[in-house]
file target_15.cif (mmCIF, C-alpha atoms, pLDDT in the B column; chains and numbers go by the auth columns)
data_protein
#
loop_
_atom_site.group_PDB
_atom_site.id
_atom_site.type_symbol
_atom_site.label_atom_id
_atom_site.label_comp_id
_atom_site.label_asym_id
_atom_site.label_seq_id
_atom_site.Cartn_x
_atom_site.Cartn_y
_atom_site.Cartn_z
_atom_site.B_iso_or_equiv
_atom_site.auth_seq_id
_atom_site.auth_asym_id
ATOM 1 C CA MET A 1 -37.099 21.562 17.801 82.00 1 A
ATOM 2 C CA ARG A 2 -37.652 24.126 15.069 97.00 2 A
ATOM 3 C CA SER A 3 -37.404 23.956 11.299 98.00 3 A
ATOM 4 C CA PHE A 4 -37.562 26.080 8.156 98.00 4 A
ATOM 5 C CA SER A 5 -37.682 25.439 4.428 97.00 5 A
ATOM 6 C CA HIS A 6 -34.891 26.287 2.000 97.00 6 A
ATOM 7 C CA ASP A 7 -35.371 25.574 -1.701 95.00 7 A
ATOM 8 C CA GLY A 8 -38.112 23.137 -0.772 96.00 8 A
ATOM 9 C CA VAL A 9 -35.894 21.237 1.684 98.00 9 A
ATOM 10 C CA GLU A 10 -37.042 21.188 5.302 98.00 10 A
ATOM 11 C CA ILE A 11 -34.135 21.846 7.669 98.00 11 A
ATOM 12 C CA ALA A 12 -34.425 21.163 11.413 98.00 12 A
ATOM 13 C CA PHE A 13 -32.373 23.092 13.958 98.00 13 A
ATOM 14 C CA LEU A 14 -31.796 23.911 17.613 98.00 14 A
ATOM 15 C CA ASP A 15 -31.318 27.436 18.946 98.00 15 A
ATOM 16 C CA GLU A 16 -30.290 27.870 22.575 98.00 16 A
ATOM 17 C CA GLY A 17 -28.747 30.524 24.772 98.00 17 A
ATOM 18 C CA GLU A 18 -28.003 34.199 24.284 97.00 18 A
ATOM 19 C CA GLY A 19 -24.995 36.212 23.229 97.00 19 A
ATOM 20 C CA GLU A 20 -22.827 36.098 20.125 98.00 20 A
ATOM 21 C CA PRO A 21 -24.045 33.262 17.863 98.00 21 A
ATOM 22 C CA VAL A 22 -22.062 30.122 17.059 98.00 22 A
ATOM 23 C CA LEU A 23 -23.574 27.997 14.291 98.00 23 A
ATOM 24 C CA LEU A 24 -22.685 24.277 14.404 99.00 24 A
ATOM 25 C CA VAL A 25 -22.549 21.980 11.346 98.00 25 A
ATOM 26 C CA HIS A 26 -22.352 18.257 12.086 98.00 26 A
ATOM 27 C CA GLY A 27 -20.520 15.466 10.305 96.00 27 A
ATOM 28 C CA PHE A 28 -21.590 12.686 7.967 94.00 28 A
ATOM 29 C CA ALA A 29 -24.115 10.164 9.375 93.00 29 A
ATOM 30 C CA SER A 30 -24.444 12.226 12.552 95.00 30 A
ATOM 31 C CA ASN A 31 -27.012 14.829 13.578 97.00 31 A
ATOM 32 C CA LYS A 32 -27.277 17.873 15.799 98.00 32 A
ATOM 33 C CA GLU A 33 -27.981 15.842 18.943 98.00 33 A
ATOM 34 C CA VAL A 34 -25.221 13.262 18.436 96.00 34 A
ATOM 35 C CA ASN A 35 -22.558 15.722 17.290 98.00 35 A
ATOM 36 C CA TRP A 36 -23.334 18.727 19.488 98.00 36 A
ATOM 37 C CA VAL A 37 -25.795 17.983 22.296 98.00 37 A
ATOM 38 C CA ALA A 38 -24.579 14.623 23.652 98.00 38 A
ATOM 39 C CA PRO A 39 -20.858 15.590 23.659 98.00 39 A
ATOM 40 C CA GLY A 40 -21.699 18.745 25.604 98.00 40 A
ATOM 41 C CA TRP A 41 -20.995 21.386 22.969 98.00 41 A
ATOM 42 C CA MET A 42 -24.350 23.143 23.287 98.00 42 A
ATOM 43 C CA ALA A 43 -23.958 23.311 27.067 98.00 43 A
ATOM 44 C CA THR A 44 -20.315 24.412 26.779 98.00 44 A
ATOM 45 C CA LEU A 45 -21.099 27.257 24.412 98.00 45 A
ATOM 46 C CA THR A 46 -24.228 28.495 26.179 98.00 46 A
ATOM 47 C CA GLY A 47 -22.372 28.226 29.499 98.00 47 A
ATOM 48 C CA ALA A 48 -19.688 30.477 28.025 98.00 48 A
ATOM 49 C CA GLY A 49 -22.301 33.115 27.197 98.00 49 A
ATOM 50 C CA ARG A 50 -22.803 32.191 23.549 98.00 50 A
ATOM 51 C CA ARG A 51 -25.912 31.535 21.519 98.00 51 A
ATOM 52 C CA ALA A 52 -25.536 27.994 20.143 98.00 52 A
ATOM 53 C CA ILE A 53 -27.373 27.070 16.938 98.00 53 A
ATOM 54 C CA ALA A 54 -27.141 23.601 15.397 98.00 54 A
ATOM 55 C CA LEU A 55 -28.841 22.295 12.266 98.00 55 A
ATOM 56 C CA ASP A 56 -29.491 18.835 10.874 98.00 56 A
ATOM 57 C CA ASN A 57 -27.899 18.778 7.431 98.00 57 A
ATOM 58 C CA ARG A 58 -30.157 17.691 4.598 98.00 58 A
ATOM 59 C CA GLY A 59 -30.458 13.894 4.568 98.00 59 A
ATOM 60 C CA HIS A 60 -29.703 13.698 8.292 98.00 60 A
ATOM 61 C CA GLY A 61 -31.585 13.750 11.583 97.00 61 A
ATOM 62 C CA ALA A 62 -34.987 15.409 11.403 98.00 62 A
ATOM 63 C CA SER A 63 -34.274 17.244 8.138 98.00 63 A
ATOM 64 C CA ALA A 64 -35.637 16.181 4.749 98.00 64 A
ATOM 65 C CA LYS A 65 -34.246 13.016 3.170 98.00 65 A
ATOM 66 C CA LEU A 66 -33.141 13.288 -0.463 98.00 66 A
ATOM 67 C CA TYR A 67 -31.950 10.427 -2.667 98.00 67 A
ATOM 68 C CA ASP A 68 -30.230 12.158 -5.580 97.00 68 A
ATOM 69 C CA PRO A 69 -26.460 12.547 -4.993 97.00 69 A
ATOM 70 C CA ALA A 70 -26.577 15.868 -6.876 97.00 70 A
ATOM 71 C CA ALA A 71 -28.686 17.308 -4.038 98.00 71 A
ATOM 72 C CA TYR A 72 -25.758 16.929 -1.635 98.00 72 A
ATOM 73 C CA HIS A 73 -23.035 18.984 -3.265 97.00 73 A
ATOM 74 C CA SER A 74 -21.076 20.778 -0.543 97.00 74 A
ATOM 75 C CA ALA A 75 -21.973 24.147 -2.079 97.00 75 A
ATOM 76 C CA LEU A 76 -25.702 23.354 -1.782 98.00 76 A
ATOM 77 C CA MET A 77 -25.312 22.230 1.810 98.00 77 A
ATOM 78 C CA ALA A 78 -23.412 25.437 2.573 98.00 78 A
ATOM 79 C CA GLU A 79 -26.383 27.398 1.231 98.00 79 A
ATOM 80 C CA ASP A 80 -28.608 25.627 3.773 98.00 80 A
ATOM 81 C CA VAL A 81 -26.361 27.058 6.496 98.00 81 A
ATOM 82 C CA ARG A 82 -26.491 30.522 4.953 98.00 82 A
ATOM 83 C CA ALA A 83 -30.276 30.239 4.682 98.00 83 A
ATOM 84 C CA LEU A 84 -30.505 29.388 8.387 98.00 84 A
ATOM 85 C CA LEU A 85 -28.630 32.609 9.175 98.00 85 A
ATOM 86 C CA ASP A 86 -31.153 34.439 6.980 98.00 86 A
ATOM 87 C CA HIS A 87 -34.076 32.691 8.664 98.00 87 A
ATOM 88 C CA LEU A 88 -32.824 33.752 12.087 98.00 88 A
ATOM 89 C CA GLY A 89 -32.051 37.291 10.939 98.00 89 A
ATOM 90 C CA LEU A 90 -28.351 36.963 11.733 98.00 90 A
ATOM 91 C CA PRO A 91 -26.001 39.014 9.559 98.00 91 A
ATOM 92 C CA ARG A 92 -23.085 36.783 10.554 98.00 92 A
ATOM 93 C CA ALA A 93 -21.959 34.179 13.069 98.00 93 A
ATOM 94 C CA ASP A 94 -18.977 32.150 14.159 98.00 94 A
ATOM 95 C CA VAL A 95 -19.354 28.798 12.359 98.00 95 A
ATOM 96 C CA MET A 96 -17.942 25.467 13.496 98.00 96 A
ATOM 97 C CA GLY A 97 -18.147 22.298 11.436 98.00 97 A
ATOM 98 C CA TYR A 98 -16.922 18.788 12.099 98.00 98 A
ATOM 99 C CA SER A 99 -15.689 16.432 9.356 95.00 99 A
ATOM 100 C CA MET A 100 -18.226 16.785 6.514 96.00 100 A
ATOM 101 C CA GLY A 101 -19.523 19.806 8.410 98.00 101 A
ATOM 102 C CA ALA A 102 -16.060 21.334 8.244 98.00 102 A
ATOM 103 C CA ARG A 103 -16.072 20.884 4.457 97.00 103 A
ATOM 104 C CA ILE A 104 -19.468 22.598 4.311 98.00 104 A
ATOM 105 C CA THR A 105 -18.121 25.395 6.514 98.00 105 A
ATOM 106 C CA ALA A 106 -15.161 25.934 4.186 98.00 106 A
ATOM 107 C CA TYR A 107 -17.530 26.229 1.227 98.00 107 A
ATOM 108 C CA LEU A 108 -19.653 28.710 3.199 98.00 108 A
ATOM 109 C CA VAL A 109 -16.607 30.832 4.050 98.00 109 A
ATOM 110 C CA LEU A 110 -15.595 31.053 0.392 98.00 110 A
ATOM 111 C CA ALA A 111 -19.101 31.775 -0.906 98.00 111 A
ATOM 112 C CA HIS A 112 -20.231 34.164 1.848 98.00 112 A
ATOM 113 C CA PRO A 113 -17.225 35.456 3.813 98.00 113 A
ATOM 114 C CA GLU A 114 -19.246 38.405 5.051 98.00 114 A
ATOM 115 C CA ARG A 115 -21.560 36.013 6.940 98.00 115 A
ATOM 116 C CA VAL A 116 -18.781 34.185 8.810 98.00 116 A
ATOM 117 C CA ARG A 117 -17.137 36.039 11.679 98.00 117 A
ATOM 118 C CA SER A 118 -14.729 33.146 12.258 98.00 118 A
ATOM 119 C CA ALA A 119 -14.599 29.455 11.378 98.00 119 A
ATOM 120 C CA VAL A 120 -13.546 26.255 13.118 98.00 120 A
ATOM 121 C CA LEU A 121 -12.781 23.246 10.938 98.00 121 A
ATOM 122 C CA GLY A 122 -12.877 20.202 13.214 98.00 122 A
ATOM 123 C CA GLY A 123 -11.972 16.701 12.077 97.00 123 A
ATOM 124 C CA LEU A 124 -10.723 17.888 8.682 97.00 124 A
ATOM 125 C CA GLY A 125 -7.148 18.856 7.883 98.00 125 A
ATOM 126 C CA ILE A 126 -5.228 18.731 4.627 97.00 126 A
ATOM 127 C CA GLN A 127 -7.698 16.154 3.270 96.00 127 A
ATOM 128 C CA LEU A 128 -9.889 19.172 2.469 97.00 128 A
ATOM 129 C CA VAL A 129 -7.385 19.760 -0.343 97.00 129 A
ATOM 130 C CA ASP A 130 -5.698 16.427 -0.983 94.00 130 A
ATOM 131 C CA GLY A 131 -8.536 14.009 -0.264 84.00 131 A
ATOM 132 C CA GLY A 132 -11.435 12.838 -2.342 71.00 132 A
ATOM 133 C CA GLY A 133 -14.072 12.557 0.324 71.00 133 A
ATOM 134 C CA LEU A 134 -15.262 9.275 1.768 76.00 134 A
ATOM 135 C CA PRO A 135 -14.704 6.240 -0.495 85.00 135 A
ATOM 136 C CA GLU A 136 -17.351 4.425 -2.533 89.00 136 A
ATOM 137 C CA GLU A 137 -16.947 1.346 -0.305 91.00 137 A
ATOM 138 C CA LEU A 138 -18.655 3.259 2.486 92.00 138 A
ATOM 139 C CA ALA A 139 -21.705 3.975 0.335 95.00 139 A
ATOM 140 C CA GLN A 140 -21.860 0.311 -0.629 96.00 140 A
ATOM 141 C CA GLY A 141 -21.644 -0.604 3.047 96.00 141 A
ATOM 142 C CA LEU A 142 -24.606 1.653 3.785 97.00 142 A
ATOM 143 C CA GLU A 143 -26.600 -0.050 1.041 96.00 143 A
ATOM 144 C CA ALA A 144 -25.733 -3.602 2.137 97.00 144 A
ATOM 145 C CA PRO A 145 -28.631 -5.740 3.419 95.00 145 A
ATOM 146 C CA GLY A 146 -27.169 -5.746 6.924 95.00 146 A
ATOM 147 C CA LEU A 147 -24.082 -5.035 8.988 95.00 147 A
ATOM 148 C CA ALA A 148 -22.958 -8.651 8.746 95.00 148 A
ATOM 149 C CA ALA A 149 -22.643 -8.275 4.974 96.00 149 A
ATOM 150 C CA VAL A 150 -20.145 -5.377 5.287 96.00 150 A
ATOM 151 C CA THR A 151 -16.574 -6.689 5.227 93.00 151 A
ATOM 152 C CA ASP A 152 -14.541 -3.473 4.872 92.00 152 A
ATOM 153 C CA PRO A 153 -13.570 -2.369 8.437 91.00 153 A
ATOM 154 C CA THR A 154 -14.077 1.349 7.830 86.00 154 A
ATOM 155 C CA ALA A 155 -17.377 0.721 6.063 92.00 155 A
ATOM 156 C CA ARG A 156 -18.497 -1.410 9.017 93.00 156 A
ATOM 157 C CA THR A 157 -17.650 1.420 11.409 90.00 157 A
ATOM 158 C CA PHE A 158 -19.705 3.939 9.440 89.00 158 A
ATOM 159 C CA ARG A 159 -22.597 1.495 8.905 94.00 159 A
ATOM 160 C CA SER A 160 -22.683 0.735 12.625 95.00 160 A
ATOM 161 C CA PHE A 161 -22.589 4.450 13.478 92.00 161 A
ATOM 162 C CA ALA A 162 -25.379 5.188 10.981 94.00 162 A
ATOM 163 C CA GLU A 163 -27.525 2.465 12.522 95.00 163 A
ATOM 164 C CA GLN A 164 -26.856 3.829 16.018 92.00 164 A
ATOM 165 C CA THR A 165 -27.990 7.285 14.907 91.00 165 A
ATOM 166 C CA LYS A 166 -31.087 5.712 13.287 92.00 166 A
ATOM 167 C CA SER A 167 -30.194 7.339 9.978 96.00 167 A
ATOM 168 C CA ASP A 168 -31.811 6.855 6.583 97.00 168 A
ATOM 169 C CA LEU A 169 -29.146 4.647 5.006 97.00 169 A
ATOM 170 C CA ARG A 170 -30.205 5.298 1.410 97.00 170 A
ATOM 171 C CA ALA A 171 -30.129 9.070 1.947 98.00 171 A
ATOM 172 C CA LEU A 172 -26.672 8.773 3.518 97.00 172 A
ATOM 173 C CA ALA A 173 -25.361 6.773 0.567 97.00 173 A
ATOM 174 C CA ALA A 174 -26.585 9.516 -1.775 97.00 174 A
ATOM 175 C CA CYS A 175 -25.012 12.164 0.465 97.00 175 A
ATOM 176 C CA LEU A 176 -21.676 10.366 0.526 95.00 176 A
ATOM 177 C CA ARG A 177 -21.592 10.113 -3.266 95.00 177 A
ATOM 178 C CA GLY A 178 -22.646 13.731 -3.744 96.00 178 A
ATOM 179 C CA SER A 179 -20.463 15.542 -1.202 94.00 179 A
ATOM 180 C CA ARG A 180 -16.941 14.379 -2.027 89.00 180 A
ATOM 181 C CA GLN A 181 -15.673 17.736 -3.216 92.00 181 A
ATOM 182 C CA THR A 182 -12.219 19.036 -2.368 94.00 182 A
ATOM 183 C CA LEU A 183 -10.923 22.586 -2.591 96.00 183 A
ATOM 184 C CA SER A 184 -7.865 23.719 -4.500 96.00 184 A
ATOM 185 C CA ARG A 185 -4.888 25.218 -2.728 97.00 185 A
ATOM 186 C CA SER A 186 -5.605 28.539 -4.435 97.00 186 A
ATOM 187 C CA ALA A 187 -9.164 28.436 -3.068 97.00 187 A
ATOM 188 C CA VAL A 188 -8.200 27.822 0.552 97.00 188 A
ATOM 189 C CA GLU A 189 -5.506 30.488 0.271 97.00 189 A
ATOM 190 C CA ARG A 190 -8.343 32.972 -0.338 97.00 190 A
ATOM 191 C CA ILE A 191 -9.967 32.240 3.031 97.00 191 A
ATOM 192 C CA ALA A 192 -9.774 35.522 4.882 96.00 192 A
ATOM 193 C CA VAL A 193 -11.684 34.964 8.129 97.00 193 A
ATOM 194 C CA PRO A 194 -10.068 33.963 11.438 98.00 194 A
ATOM 195 C CA LEU A 195 -9.828 30.175 11.287 98.00 195 A
ATOM 196 C CA LEU A 196 -8.929 27.267 13.563 98.00 196 A
ATOM 197 C CA VAL A 197 -8.202 23.760 12.249 98.00 197 A
ATOM 198 C CA ALA A 198 -8.598 21.101 14.978 98.00 198 A
ATOM 199 C CA VAL A 199 -7.842 17.399 14.441 98.00 199 A
ATOM 200 C CA GLY A 200 -7.214 14.471 16.790 98.00 200 A
ATOM 201 C CA SER A 201 -3.649 13.179 16.947 98.00 201 A
ATOM 202 C CA LYS A 202 -4.889 9.653 16.121 97.00 202 A
ATOM 203 C CA ASP A 203 -7.314 10.748 13.379 96.00 203 A
ATOM 204 C CA ALA A 204 -6.616 8.603 10.312 91.00 204 A
ATOM 205 C CA VAL A 205 -9.316 10.324 8.225 89.00 205 A
ATOM 206 C CA ALA A 206 -8.733 14.084 8.407 95.00 206 A
ATOM 207 C CA GLY A 207 -5.109 14.648 7.458 96.00 207 A
ATOM 208 C CA SER A 208 -2.725 17.128 9.064 98.00 208 A
ATOM 209 C CA PRO A 209 -4.264 20.271 10.610 98.00 209 A
ATOM 210 C CA GLN A 210 -0.884 22.013 10.425 98.00 210 A
ATOM 211 C CA GLN A 211 -0.565 21.464 6.682 98.00 211 A
ATOM 212 C CA LEU A 212 -4.019 22.919 6.030 98.00 212 A
ATOM 213 C CA ALA A 213 -3.522 25.850 8.407 98.00 213 A
ATOM 214 C CA ALA A 214 -0.222 26.670 6.684 98.00 214 A
ATOM 215 C CA LEU A 215 -2.135 27.351 3.453 98.00 215 A
ATOM 216 C CA ILE A 216 -4.579 29.807 5.031 98.00 216 A
ATOM 217 C CA PRO A 217 -3.341 33.274 6.032 95.00 217 A
ATOM 218 C CA GLY A 218 -3.452 33.659 9.810 96.00 218 A
ATOM 219 C CA ALA A 219 -5.018 30.246 10.477 98.00 219 A
ATOM 220 C CA ARG A 220 -4.235 28.312 13.650 98.00 220 A
ATOM 221 C CA ALA A 221 -3.868 24.555 14.078 98.00 221 A
ATOM 222 C CA LEU A 222 -4.881 22.521 17.125 98.00 222 A
ATOM 223 C CA THR A 223 -3.927 18.887 17.667 98.00 223 A
ATOM 224 C CA ILE A 224 -6.352 17.130 20.035 98.00 224 A
ATOM 225 C CA PRO A 225 -4.167 14.708 22.011 98.00 225 A
ATOM 226 C CA ASN A 226 -4.761 10.944 21.848 98.00 226 A
ATOM 227 C CA ARG A 227 -8.081 11.182 20.019 98.00 227 A
ATOM 228 C CA ASP A 228 -9.231 9.571 16.784 96.00 228 A
ATOM 229 C CA HIS A 229 -11.840 10.895 14.351 93.00 229 A
ATOM 230 C CA MET A 230 -14.821 9.774 16.426 91.00 230 A
ATOM 231 C CA LEU A 231 -13.558 10.507 19.936 95.00 231 A
ATOM 232 C CA ALA A 232 -12.114 13.965 19.236 98.00 232 A
ATOM 233 C CA VAL A 233 -15.577 15.510 18.931 97.00 233 A
ATOM 234 C CA GLY A 234 -16.345 15.868 22.635 97.00 234 A
ATOM 235 C CA ASP A 235 -12.789 16.152 23.923 98.00 235 A
ATOM 236 C CA LYS A 236 -12.067 18.723 26.646 98.00 236 A
ATOM 237 C CA ALA A 237 -8.948 19.974 24.864 98.00 237 A
ATOM 238 C CA PHE A 238 -11.004 20.583 21.711 98.00 238 A
ATOM 239 C CA LYS A 239 -13.581 22.577 23.656 98.00 239 A
ATOM 240 C CA ALA A 240 -10.947 24.572 25.506 98.00 240 A
ATOM 241 C CA GLY A 241 -9.128 25.335 22.251 98.00 241 A
ATOM 242 C CA VAL A 242 -12.301 26.527 20.556 98.00 242 A
ATOM 243 C CA LEU A 243 -13.336 28.725 23.476 98.00 243 A
ATOM 244 C CA ASP A 244 -9.847 30.253 23.543 98.00 244 A
ATOM 245 C CA PHE A 245 -9.982 30.843 19.789 98.00 245 A
ATOM 246 C CA LEU A 246 -13.406 32.489 20.018 98.00 246 A
ATOM 247 C CA ALA A 247 -12.246 34.703 22.873 96.00 247 A
ATOM 248 C CA GLN A 248 -9.201 35.899 20.907 94.00 248 A
ATOM 249 C CA ARG A 249 -10.617 36.346 17.432 89.00 249 A
ATOM 250 C CA PRO A 250 -11.344 39.957 16.349 83.00 250 A
#
call {"tool": "encode", "arguments": {"input": "target_15.cif", "output": "C-alpha cells"}}
result
Amino acid sequence: MRSFSHDGVEIAFLDEGEGEPVLLVHGFASNKEVNWVAPGWMATLTGAGRRAIALDNRGHGASAKLYDPAAYHSALMAEDVRALLDHLGLPRADVMGYSMGARITAYLVLAHPERVRSAVLGGLGIQLVDGGGLPEELAQGLEAPGLAAVTDPTARTFRSFAEQTKSDLRALAACLRGSRQTLSRSAVERIAVPLLVAVGSKDAVAGSPQQLAALIPGARALTIPNRDHMLAVGDKAFKAGVLDFLAQRP
C-alpha cells in the first residue's frame, strides 16, 4: 500500500495494472479493499487492460482520521482525489465513485472537468439533488456505546457495517455530519463529461438513476437488477455496464 500527503492529510491508495487509468472512490464507512478489492473491481478493471487506482477517503481505511465535520465537506474530499491524480502525474482519468464516493466524484467533475475523462456515479441517483445526505440518526448510531444500543434499523445496518470494516466510529460520525451536501439542478446540468449513473433496482437510499441522468446532457442510466444499496457494488451487471460504458466513451 502507498500513501501521500495532501494539505497535511495522509491518503492511502492502491495502484495496480497498466493502461488507461480508472480512479475509484469508495462509499461511506467502507474502504478501498471492501469497496473495490473484495468485490472484484480491481481484478475486473486490470483484467480488461485498465490501470485501477483506489484511495481510502479521509477518515476511512488507512488514511488519516479527522474529527471535525468541516474537514469532510464533499468539495474537500474531491480535492483529495484531484491531488492523487497530481501525485501520480496523471492529467486525467476515468473516475468511478460509489454512494458517498459518487457524490465526491460529482464535485470533482464540476470543479475539475479537465481532469475527468468520464465519470460513473454508482449507488447515487436523484438523491444527489433531492436528498440531504445520510440522516443524523446514523451519526448517533455510530456514537452509541454499542450495537445493542442502536434501535433505528438503518443506523444498526451502518453501525454493523462500520464495525465489520473496523472503522474509526468517531471519524465516521464527523464525516457523515460534514459530507451531506447536495447539488442544485443547475449545477448537475453543467456536467459535461461522459457519465453513467448506476443504481440497484432495490436501492432504497440512492433515488432514481433515470431522473438524475435526465438532468445531465448525454448521461446514461443503468438499473442493476434485484440489488439493494449494499449488494449492487459487486454485481456482474454493474461491472458489465461499466466496462461497456468505458469502451464506448470518447
call {"tool": "resolve_selection", "arguments": {"input": "target_15.cif", "expression": "the PyMOL selection byres ((chain A and resi 189) around 12)", "output": "PyMOL selection string"}}
result
chain A and resi 106+109-110+129+183-188+190-193+195+212-219
call {"tool": "atom_distance", "arguments": {"input": "target_15.cif", "atom1": "atom CA of Ala162 of chain A", "atom2": "atom CA of Asp228 of chain A"}}
result
17.7 Å
call {"tool": "resolve_selection", "arguments": {"input": "target_15.cif", "expression": "the PyMOL selection byres ((chain A and resi 1-14) around 6)", "output": "VMD selection string"}}
result
chain A and resid 15 53 to 56 62 to 64
call {"tool": "write_last_selection", "arguments": {"input": "target_15.cif", "atoms": "C-alpha atoms", "output": "PDB file, keeping the file's coordinate frame"}}
result
ATOM      1  CA  ASP A  15     -31.318  27.436  18.946  1.00 98.00           C
ATOM      2  CA  ILE A  53     -27.373  27.070  16.938  1.00 98.00           C
ATOM      3  CA  ALA A  54     -27.141  23.601  15.397  1.00 98.00           C
ATOM      4  CA  LEU A  55     -28.841  22.295  12.266  1.00 98.00           C
ATOM      5  CA  ASP A  56     -29.491  18.835  10.874  1.00 98.00           C
ATOM      6  CA  ALA A  62     -34.987  15.409  11.403  1.00 98.00           C
ATOM      7  CA  SER A  63     -34.274  17.244   8.138  1.00 98.00           C
ATOM      8  CA  ALA A  64     -35.637  16.181   4.749  1.00 98.00           C
TER       9      ALA A  64
END
call {"tool": "resolve_selection", "arguments": {"input": "target_15.cif", "expression": "the PyMOL selection byres ((chain A and resi 239) around 12)", "output": "VMD selection string"}}
result
chain A and resid 36 39 to 45 47 to 48 96 120 122 198 222 to 224 232 to 238 240 to 246
call {"tool": "closest_residue", "arguments": {"input": "target_15.cif", "among": "A:Arg50, A:His229, A:His26, A:Lys65", "to": "Ala173 of chain A", "atoms": "only C-alpha atoms"}}
result
A:Lys65
call {"tool": "atom_distance", "arguments": {"input": "target_15.cif", "atom1": "atom CA of Asp68 of chain A", "atom2": "atom CA of Thr154 of chain A"}}
result
23.6 Å
call {"tool": "atom_distance", "arguments": {"input": "target_15.cif", "atom1": "atom CA of Gln210 of chain A", "atom2": "atom CA of Gln127 of chain A"}}
result
11.5 Å
call {"tool": "axis_aligned_box", "arguments": {"input": "target_15.cif", "around": "segment 185-192 of chain A", "padding_each_side": "8 Å", "output": "JSON"}}
result
{"center_x": -7.4, "center_y": 30.4, "center_z": 0.2, "size_x": 21.1, "size_y": 26.3, "size_z": 25.3}
call {"tool": "closest_residue", "arguments": {"input": "target_15.cif", "among": "A:His87, A:Lys202, A:Arg103, A:Arg227", "to": "Gly132 of chain A", "atoms": "all atoms listed in the file"}}
result
A:Arg103
call {"tool": "closest_residue", "arguments": {"input": "target_15.cif", "among": "A:Ala75, A:Leu196, A:Leu88, A:Val95", "to": "Val22 of chain A", "atoms": "only C-alpha atoms"}}
result
A:Val95
call {"tool": "residues_near_point", "arguments": {"input": "target_15.cif", "point": "(-27.7, 11.2, 4.5)", "cutoff": "6 Å", "atoms": "all atoms listed in the file", "output": "MDAnalysis selection string"}}
result
chainID A and resid 59:60 171:172 175
